[in-house]
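upload-v7.csv (CSV, C-alpha atoms) appears below.
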chain,number,residue,atom,x,y,z
A,1,MET,CA,-10.8,-3.5,38.2
A,2,GLU,CA,-13.8,-2.7,36.1
A,3,LYS,CA,-12.7,-2.0,32.5
A,4,ILE,CA,-14.4,1.0,31.0
A,5,THR,CA,-13.8,-0.5,27.6
A,6,GLU,CA,-15.9,-3.5,28.6
A,7,ALA,CA,-18.7,-1.5,30.2
A,8,SER,CA,-22.2,-1.9,28.9
A,9,SER,CA,-23.1,0.4,26.0
A,10,ASN,CA,-25.2,3.5,26.6
A,11,TYR,CA,-27.5,2.2,23.9
A,12,ASN,CA,-29.7,-0.9,24.0
A,13,ASN,CA,-31.8,-3.0,21.6
A,14,LEU,CA,-29.5,-2.1,18.8
A,15,GLU,CA,-31.1,-4.6,16.4
A,16,GLN,CA,-34.4,-2.7,16.7
A,17,LEU,CA,-33.0,0.6,15.6
A,18,SER,CA,-33.3,2.1,12.1
A,19,THR,CA,-30.3,2.7,10.0
A,20,ARG,CA,-30.5,6.4,10.7
A,21,GLU,CA,-30.7,5.8,14.5
A,22,LEU,CA,-27.7,3.5,14.3
A,23,LEU,CA,-25.6,6.0,12.4
A,24,LYS,CA,-26.7,8.9,14.7
A,25,GLY,CA,-25.7,6.8,17.7
A,26,ILE,CA,-22.3,5.8,16.4
A,27,ASN,CA,-21.5,9.3,15.2
A,28,THR,CA,-22.6,10.8,18.5
A,29,GLN,CA,-20.2,8.5,20.3
A,30,ASP,CA,-17.4,9.1,17.9
A,31,GLN,CA,-17.6,12.9,18.6
A,32,LEU,CA,-16.4,12.1,22.2
A,33,VAL,CA,-13.1,10.8,21.0
A,34,PRO,CA,-11.2,14.0,20.2
A,35,LEU,CA,-12.5,15.5,23.4
A,36,ALA,CA,-11.0,12.6,25.4
A,37,ILE,CA,-7.7,13.0,23.6
A,38,ALA,CA,-7.5,16.8,24.3
A,39,LYS,CA,-7.6,15.9,28.0
A,40,ILE,CA,-4.2,14.1,27.7
A,41,SER,CA,-2.4,16.7,25.6
A,42,THR,CA,0.2,17.3,28.3
A,43,GLU,CA,1.0,13.6,28.6
A,44,LEU,CA,1.3,13.4,24.8
A,45,GLU,CA,3.6,16.4,24.7
A,46,ASN,CA,5.9,15.1,27.4
A,47,PHE,CA,6.1,11.7,25.7
A,48,ILE,CA,6.8,13.1,22.2
A,49,GLU,CA,9.5,15.4,23.5
A,50,ALA,CA,11.2,12.5,25.2
A,51,CYS,CA,10.9,10.3,22.1
A,52,TYR,CA,12.2,13.1,19.9
A,53,GLU,CA,15.3,13.5,22.0
A,54,ARG,CA,16.2,9.9,21.4
A,55,MET,CA,15.2,9.9,17.7
A,56,GLN,CA,17.5,12.8,17.1
A,57,GLN,CA,20.3,10.6,18.2
A,58,GLY,CA,19.3,7.8,15.8
A,59,GLY,CA,16.7,6.0,18.0
A,60,ARG,CA,13.7,4.3,16.5
A,61,LEU,CA,10.0,4.3,17.3
A,62,ILE,CA,8.5,0.8,17.7
A,63,TYR,CA,4.8,0.2,18.1
A,64,ILE,CA,3.6,-3.2,19.5
A,65,GLY,CA,0.1,-4.4,19.9
A,66,ALA,CA,-2.4,-7.3,19.3
A,67,GLY,CA,-5.4,-7.5,17.1
A,68,THR,CA,-6.8,-4.1,16.1
A,69,SER,CA,-4.3,-2.3,18.2
A,70,GLY,CA,-1.4,-4.0,16.5
A,71,ARG,CA,-2.9,-3.4,13.0
A,72,LEU,CA,-3.2,0.3,13.8
A,73,GLY,CA,0.4,0.5,14.8
A,74,ILE,CA,1.5,-1.3,11.6
A,75,VAL,CA,-0.6,1.1,9.5
A,76,ASP,CA,1.0,4.2,11.1
A,77,ALA,CA,4.5,2.8,10.8
A,78,SER,CA,4.0,1.7,7.2
A,79,GLU,CA,2.9,5.2,6.2
A,80,CYS,CA,6.1,6.9,7.5
A,81,PRO,CA,8.5,6.0,4.7
A,82,PRO,CA,6.3,7.1,1.8
A,83,THR,CA,5.0,10.2,3.6
A,84,PHE,CA,8.2,11.4,5.1
A,85,GLY,CA,11.0,9.6,3.2
A,86,VAL,CA,12.4,7.9,6.2
A,87,ASP,CA,13.9,4.4,6.1
A,88,ALA,CA,11.5,1.6,6.7
A,89,GLY,CA,13.2,0.7,9.9
A,90,ARG,CA,12.8,4.1,11.5
A,91,VAL,CA,9.3,3.4,12.7
A,92,ILE,CA,8.4,-0.2,13.2
A,93,GLY,CA,5.0,-1.9,13.8
A,94,LEU,CA,4.8,-5.3,15.5
A,95,ILE,CA,1.7,-7.4,16.0
A,96,ALA,CA,1.0,-10.5,18.1
A,97,GLY,CA,1.1,-13.6,15.9
A,98,GLY,CA,3.4,-12.0,13.3
A,99,ASP,CA,2.5,-10.6,9.9
A,100,SER,CA,-0.1,-13.2,9.2
A,101,ALA,CA,-2.2,-11.7,12.0
A,102,ILE,CA,-2.5,-8.4,10.0
A,103,ARG,CA,-5.3,-10.0,8.0
A,104,LYS,CA,-6.5,-12.9,10.1
A,105,ALA,CA,-6.6,-13.3,13.9
A,106,VAL,CA,-4.1,-15.7,15.4
A,107,GLU,CA,-5.7,-17.4,18.3
A,108,PHE,CA,-4.2,-16.8,21.8
A,109,ALA,CA,-1.2,-14.9,20.3
A,110,GLU,CA,-1.9,-12.0,22.6
A,111,ASP,CA,-1.8,-14.2,25.7
A,112,ASP,CA,2.0,-14.8,25.5
A,113,ALA,CA,3.7,-12.4,27.8
A,114,GLN,CA,7.2,-13.3,26.6
A,115,GLN,CA,6.7,-13.1,22.8
A,116,GLY,CA,6.4,-9.4,22.6
A,117,TRP,CA,9.9,-8.8,23.8
A,118,LYS,CA,11.2,-11.6,21.7
A,119,ASP,CA,9.7,-9.9,18.7
A,120,ILE,CA,11.4,-6.6,19.7
A,121,LEU,CA,14.7,-8.4,20.1
A,122,ALA,CA,14.6,-9.5,16.5
A,123,HIS,CA,15.1,-5.8,15.7
A,124,GLN,CA,18.2,-5.5,18.0
A,125,PRO,CA,16.8,-2.7,20.3
A,126,THR,CA,19.1,-0.1,21.9
A,127,ALA,CA,18.6,2.3,24.8
A,128,LEU,CA,17.8,5.0,22.2
A,129,ASP,CA,14.7,3.2,21.0
A,130,THR,CA,11.2,3.9,22.1
A,131,ILE,CA,8.5,1.3,22.6
A,132,VAL,CA,4.8,2.2,22.4
A,133,GLY,CA,2.6,-0.5,23.7
A,134,ILE,CA,-1.0,-0.3,22.3
A,135,ALA,CA,-3.8,-2.1,24.0
A,136,ALA,CA,-7.3,-0.8,24.4
A,137,SER,CA,-7.9,-2.7,27.6
A,138,GLY,CA,-4.4,-2.1,28.9
A,139,THR,CA,-4.2,-5.7,30.0
A,140,THR,CA,-2.9,-7.6,27.0
A,141,PRO,CA,-0.1,-9.9,28.1
A,142,TYR,CA,1.8,-9.7,24.8
A,143,VAL,CA,2.0,-5.9,25.1
A,144,PHE,CA,2.4,-5.7,28.9
A,145,GLY,CA,5.3,-8.2,28.9
A,146,ALA,CA,7.0,-6.2,26.1
A,147,ILE,CA,6.8,-2.9,28.0
A,148,GLN,CA,8.0,-4.5,31.2
A,149,ALA,CA,11.1,-6.0,29.5
A,150,ALA,CA,11.7,-2.7,27.6
A,151,ASN,CA,11.7,-0.9,31.0
A,152,ASP,CA,14.1,-3.4,32.4
A,153,ASN,CA,16.5,-2.9,29.4
A,154,GLY,CA,16.5,0.9,29.6
A,155,LEU,CA,14.3,1.8,26.7
A,156,LEU,CA,11.7,4.6,26.7
A,157,THR,CA,8.2,3.3,27.0
A,158,ALA,CA,4.6,4.5,26.5
A,159,GLY,CA,1.4,2.7,27.0
A,160,LEU,CA,-1.6,3.6,24.8
A,161,SER,CA,-4.9,2.3,26.3
A,162,CYS,CA,-8.4,3.5,27.2
A,163,ASN,CA,-8.7,2.2,30.8
A,164,PRO,CA,-7.2,4.5,33.4
A,165,GLY,CA,-5.2,2.6,36.1
A,166,SER,CA,-4.8,-0.4,33.8
A,167,PRO,CA,-1.6,-2.5,34.3
A,168,LEU,CA,-0.2,-1.0,31.0
A,169,SER,CA,-0.9,2.6,32.2
A,170,VAL,CA,0.8,1.9,35.5
A,171,LEU,CA,3.8,0.1,34.1
A,172,ALA,CA,4.7,2.4,31.1
A,173,GLN,CA,6.9,5.4,31.7
A,174,HIS,CA,4.4,7.5,29.8
A,175,ALA,CA,0.7,6.6,30.2
A,176,LEU,CA,-1.4,7.8,27.2
A,177,THR,CA,-4.9,7.0,28.3
A,178,PRO,CA,-7.8,8.7,26.5
A,179,VAL,CA,-11.0,7.7,28.3
A,180,VAL,CA,-13.6,7.4,25.6
A,181,GLY,CA,-16.2,5.6,27.6
A,182,PRO,CA,-18.3,2.4,26.7
A,183,GLU,CA,-18.4,1.4,23.1
A,184,PHE,CA,-21.6,1.7,21.0
A,185,VAL,CA,-21.5,-2.1,20.7
A,186,THR,CA,-20.5,-3.3,24.1
A,187,GLY,CA,-16.8,-4.3,24.2
A,188,SER,CA,-16.2,-3.6,20.5
A,189,THR,CA,-12.9,-1.6,21.0
A,190,ARG,CA,-12.3,-1.4,17.3
A,191,MET,CA,-14.7,1.5,17.5
A,192,LYS,CA,-14.1,4.5,19.8
A,193,SER,CA,-11.0,3.0,21.4
A,194,GLY,CA,-9.6,2.2,18.0
A,195,THR,CA,-10.4,5.6,16.7
A,196,ALA,CA,-8.6,7.2,19.7
A,197,GLN,CA,-5.6,5.0,19.1
A,198,LYS,CA,-5.5,5.9,15.4
A,199,LEU,CA,-5.7,9.7,16.1
A,200,ILE,CA,-3.0,9.5,18.8
A,201,LEU,CA,-0.6,7.5,16.6
A,202,ASN,CA,-1.2,10.1,13.8
A,203,MET,CA,-0.3,12.8,16.3
A,204,ILE,CA,2.8,11.0,17.6
A,205,SER,CA,4.4,10.1,14.2
A,206,THR,CA,3.4,13.3,12.4
A,207,SER,CA,4.7,15.5,15.2
A,208,LEU,CA,8.0,13.6,15.4
A,209,MET,CA,8.5,13.7,11.6
A,210,ILE,CA,7.9,17.4,11.5
A,211,LYS,CA,10.3,18.0,14.4
A,212,LEU,CA,12.9,15.8,12.7
A,213,GLY,CA,12.8,18.1,9.7
A,214,HIS,CA,10.8,16.1,7.1
A,215,VAL,CA,8.2,18.8,6.6
A,216,LYS,CA,8.9,22.3,5.4
A,217,GLY,CA,6.3,24.9,5.7
A,218,ASN,CA,3.3,22.6,5.5
A,219,ARG,CA,4.7,20.3,2.8
A,220,MET,CA,6.0,16.7,2.8
A,221,VAL,CA,9.3,17.6,1.1
A,222,ASP,CA,10.8,14.1,1.6
A,223,MET,CA,7.9,12.0,0.4
A,224,GLN,CA,8.6,9.1,-1.9
A,225,LEU,CA,7.5,9.5,-5.5
A,226,SER,CA,5.9,6.1,-5.6
A,227,ASN,CA,3.0,6.8,-8.0
A,228,GLU,CA,1.8,9.3,-10.5
A,229,LYS,CA,-0.4,11.1,-8.0
A,230,LEU,CA,2.6,11.8,-5.7
A,231,VAL,CA,4.7,12.9,-8.6
A,232,ASP,CA,2.0,15.3,-9.6
A,233,ARG,CA,1.7,16.5,-6.0
A,234,GLY,CA,5.4,16.9,-5.7
A,235,ALA,CA,5.7,18.8,-8.9
A,236,LYS,CA,3.1,21.3,-7.7
A,237,MET,CA,5.0,21.7,-4.5
A,238,VAL,CA,8.2,22.5,-6.4
A,239,ALA,CA,6.4,24.8,-8.8
A,240,ALA,CA,4.8,26.8,-5.9
A,241,GLU,CA,8.1,27.0,-4.0
A,242,LEU,CA,10.2,28.2,-6.9
A,243,ASN,CA,7.4,30.1,-8.8
A,244,ILE,CA,8.0,28.1,-12.0
A,245,GLU,CA,5.8,26.2,-14.4
A,246,THR,CA,4.6,22.7,-13.2
A,247,GLU,CA,6.1,21.0,-16.3
A,248,GLU,CA,9.5,22.4,-15.5
A,249,ALA,CA,9.1,21.6,-11.8
A,250,GLN,CA,8.3,18.0,-12.7
A,251,LYS,CA,11.5,17.6,-14.7
A,252,TRP,CA,13.6,18.8,-11.7
A,253,LEU,CA,11.6,16.6,-9.3
A,254,LEU,CA,12.1,13.5,-11.4
A,255,LYS,CA,15.8,14.3,-11.8
A,256,TYR,CA,16.6,14.7,-8.1
A,257,GLY,CA,14.0,12.4,-6.6
A,258,SER,CA,12.4,14.5,-3.9
A,259,VAL,CA,10.8,18.0,-3.4
A,260,ARG,CA,13.6,19.0,-1.1
A,261,LYS,CA,16.4,18.0,-3.4
A,262,ALA,CA,14.7,19.5,-6.5
A,263,VAL,CA,14.2,22.8,-4.8
A,264,GLU,CA,17.8,22.9,-3.4
A,265,ALA,CA,19.3,22.0,-6.8
A,266,TYR,CA,17.3,24.6,-8.7
A,267,GLN,CA,18.2,27.3,-6.2
A,268,ASN,CA,21.9,26.4,-6.3
A,269,GLN,CA,22.2,26.2,-10.1

Could you express the structure from this file as structure tokens?
Amino acid sequence: MEKITEASSNYNNLEQLSTRELLKGINTQDQLVPLAIAKISTELENFIEACYERMQQGGRLIYIGAGTSGRLGIVDASECPPTFGVDAGRVIGLIAGGDSAIRKAVEFAEDDAQQGWKDILAHQPTALDTIVGIAASGTTPYVFGAIQAANDNGLLTAGLSCNPGSPLSVLAQHALTPVVGPEFVTGSTRMKSGTAQKLILNMISTSLMIKLGHVKGNRMVDMQLSNEKLVDRGAKMVAAELNIETEEAQKWLLKYGSVRKAVEAYQNQ
């Protein structure tokens, strides 16, 4: 099977292009990504609804990938607790080679078809959990093996790749396959493919957290107050919701620890 992600770039002699020409070419290609994602909106909707049903009952969302794909999953998972106030174990990111691979590539880690499921087992998976395998090529053994085992053990699975008809797309219960075309630099899937994965992971986690009740109106009412910027943002949210001065709102916010709790306490006084 010919991999679109490995197809020759539509551009050539890149080293001879000016900086402006390089930037224009990359930007032109990047604009294709959201269009490709729009074409799989139904598949995304169906997957998110199925995942939401399980998460409502206490299930978790687990991303698993290698290299760039694994790092993108970890980034998305790590942002959920501070943004939405959920426990760190609610959304989990796993990468081939373990945490050391976040910063530095671990040679041949992605080629182990058994290790992915072993890494998932360390988190004691249940039938309510959802596994999203992330692999631009759709052929990474670490990811493919994990999805296969997850299927065998009754978990919900999705495969996020950029090659239609790839082994991952065929195996996963929900195939999320934005076709972004050849990369600007041939085979450099950290570019358009990585951008597509990032956008889709944003869509998955944000939609789920909204549906699970962690956003009110358009505000992150359960966000963690982990720095002064977020305290200031939270105080402004409380002030706007209650129509009170920001200084007073901050006192309520710091006393109760979240926008939601501060607003509820003020309204119930």

Near Gln29 in chain A, within 12 Å and counting all atoms listed in the file, which residues show up once chain neighbours fewer than 6 positions away are dropped, as a ChimeraX atom specification?
-> /A:9-11,22-23,35-36,180-185,191-193,195-196

Based on the selection just made, write C-alpha atoms of those residues as a PDB file, keeping the file's coordinate frame.
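File written: part-v9.pdb
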ATOM      1  CA  SER A   9     -23.100   0.400  26.000  1.00  0.00           C
ATOM      2  CA  ASN A  10     -25.200   3.500  26.600  1.00  0.00           C
ATOM      3  CA  TYR A  11     -27.500   2.200  23.900  1.00  0.00           C
ATOM      4  CA  LEU A  22     -27.700   3.500  14.300  1.00  0.00           C
ATOM      5  CA  LEU A  23     -25.600   6.000  12.400  1.00  0.00           C
ATOM      6  CA  LEU A  35     -12.500  15.500  23.400  1.00  0.00           C
ATOM      7  CA  ALA A  36     -11.000  12.600  25.400  1.00  0.00           C
ATOM      8  CA  VAL A 180     -13.600   7.400  25.600  1.00  0.00           C
ATOM      9  CA  GLY A 181     -16.200   5.600  27.600  1.00  0.00           C
ATOM     10  CA  PRO A 182     -18.300   2.400  26.700  1.00  0.00           C
ATOM     11  CA  GLU A 183     -18.400   1.400  23.100  1.00  0.00           C
ATOM     12  CA  PHE A 184     -21.600   1.700  21.000  1.00  0.00           C
ATOM     13  CA  VAL A 185     -21.500  -2.100  20.700  1.00  0.00           C
ATOM     14  CA  MET A 191     -14.700   1.500  17.500  1.00  0.00           C
ATOM     15  CA  LYS A 192     -14.100   4.500  19.800  1.00  0.00           C
ATOM     16  CA  SER A 193     -11.000   3.000  21.400  1.00  0.00           C
ATOM     17  CA  THR A 195     -10.400   5.600  16.700  1.00  0.00           C
ATOM     18  CA  ALA A 196      -8.600   7.200  19.700  1.00  0.00           C
TER      19      ALA A 196
END

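Each of A:Ala66, A:Arg54, A:Gly217, A:Ser258 was checked against Glu241 in chain A using all atoms listed in the file; the smallest atom-to-atom distance is that of A:Gly217.
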
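Here CA of Leu72 in chain A stands at a distance of 17.9 Å from CA of Met209 in chain A.
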
In Å, how far is it from CA of Gly165 in chain A to CA of Gln197 in chain A?
-> 17.2 Å

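Atom pair CA of Ala249 in chain A / CA of Ala235 in chain A has a distance of 5.3 Å (rounded to one decimal).
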
From the list A:Pro81, A:Gly65, A:Gly59, A:Gly116, the nearest residue to Thr130 in chain A using only C-alpha atoms is A:Gly59

Got a sec: who's within 12 Å of Ser100 in chain A, counting only C-alpha atoms, leaving out chain neighbours fewer than 3 positions off, as number ranges by chain?
-> A: 66-67, 70-71, 94-97, 103-107, 109

A:Val170, A:Val238, A:Cys51, A:Ile64: which is nearest Gln267 in chain A, counting all atoms listed in the file?
-> A:Val238

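Of the listed residues (A:Ile48, A:Ala240, A:Leu230, A:Leu17), A:Leu230 comes nearest to Pro82 in chain A; the distances count all atoms listed in the file.
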
Leaving out range 156-163 of chain A and any residue of its chain fewer than 3 positions from it, which residues lie within 8 Å of it when counting only C-alpha atoms, given as a ChimeraX atom specification?
-> /A:3-5,47,51,127-138,147,150-151,166,168-169,171-180,193,197

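The residue that comes closest to Lys261 in chain A, out of A:Met55, A:Ala38, A:Met223, A:Val86 and on the basis of all atoms listed in the file, is A:Met223.
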
Counting all atoms listed in the file, the option among A:Tyr52, A:Lys24, A:Met237, A:Ala101 closest to Asn218 in chain A | A:Met237

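Within 10 Å of the file-frame point (6.0, -15.5, 29.4), and using all atoms listed in the file, the polymer residues found are Asp111, Asp112, Ala113, Gln114, Gln115, Gly116, Trp117, Pro141, Tyr142, Gly145 and Ala146 of chain A.
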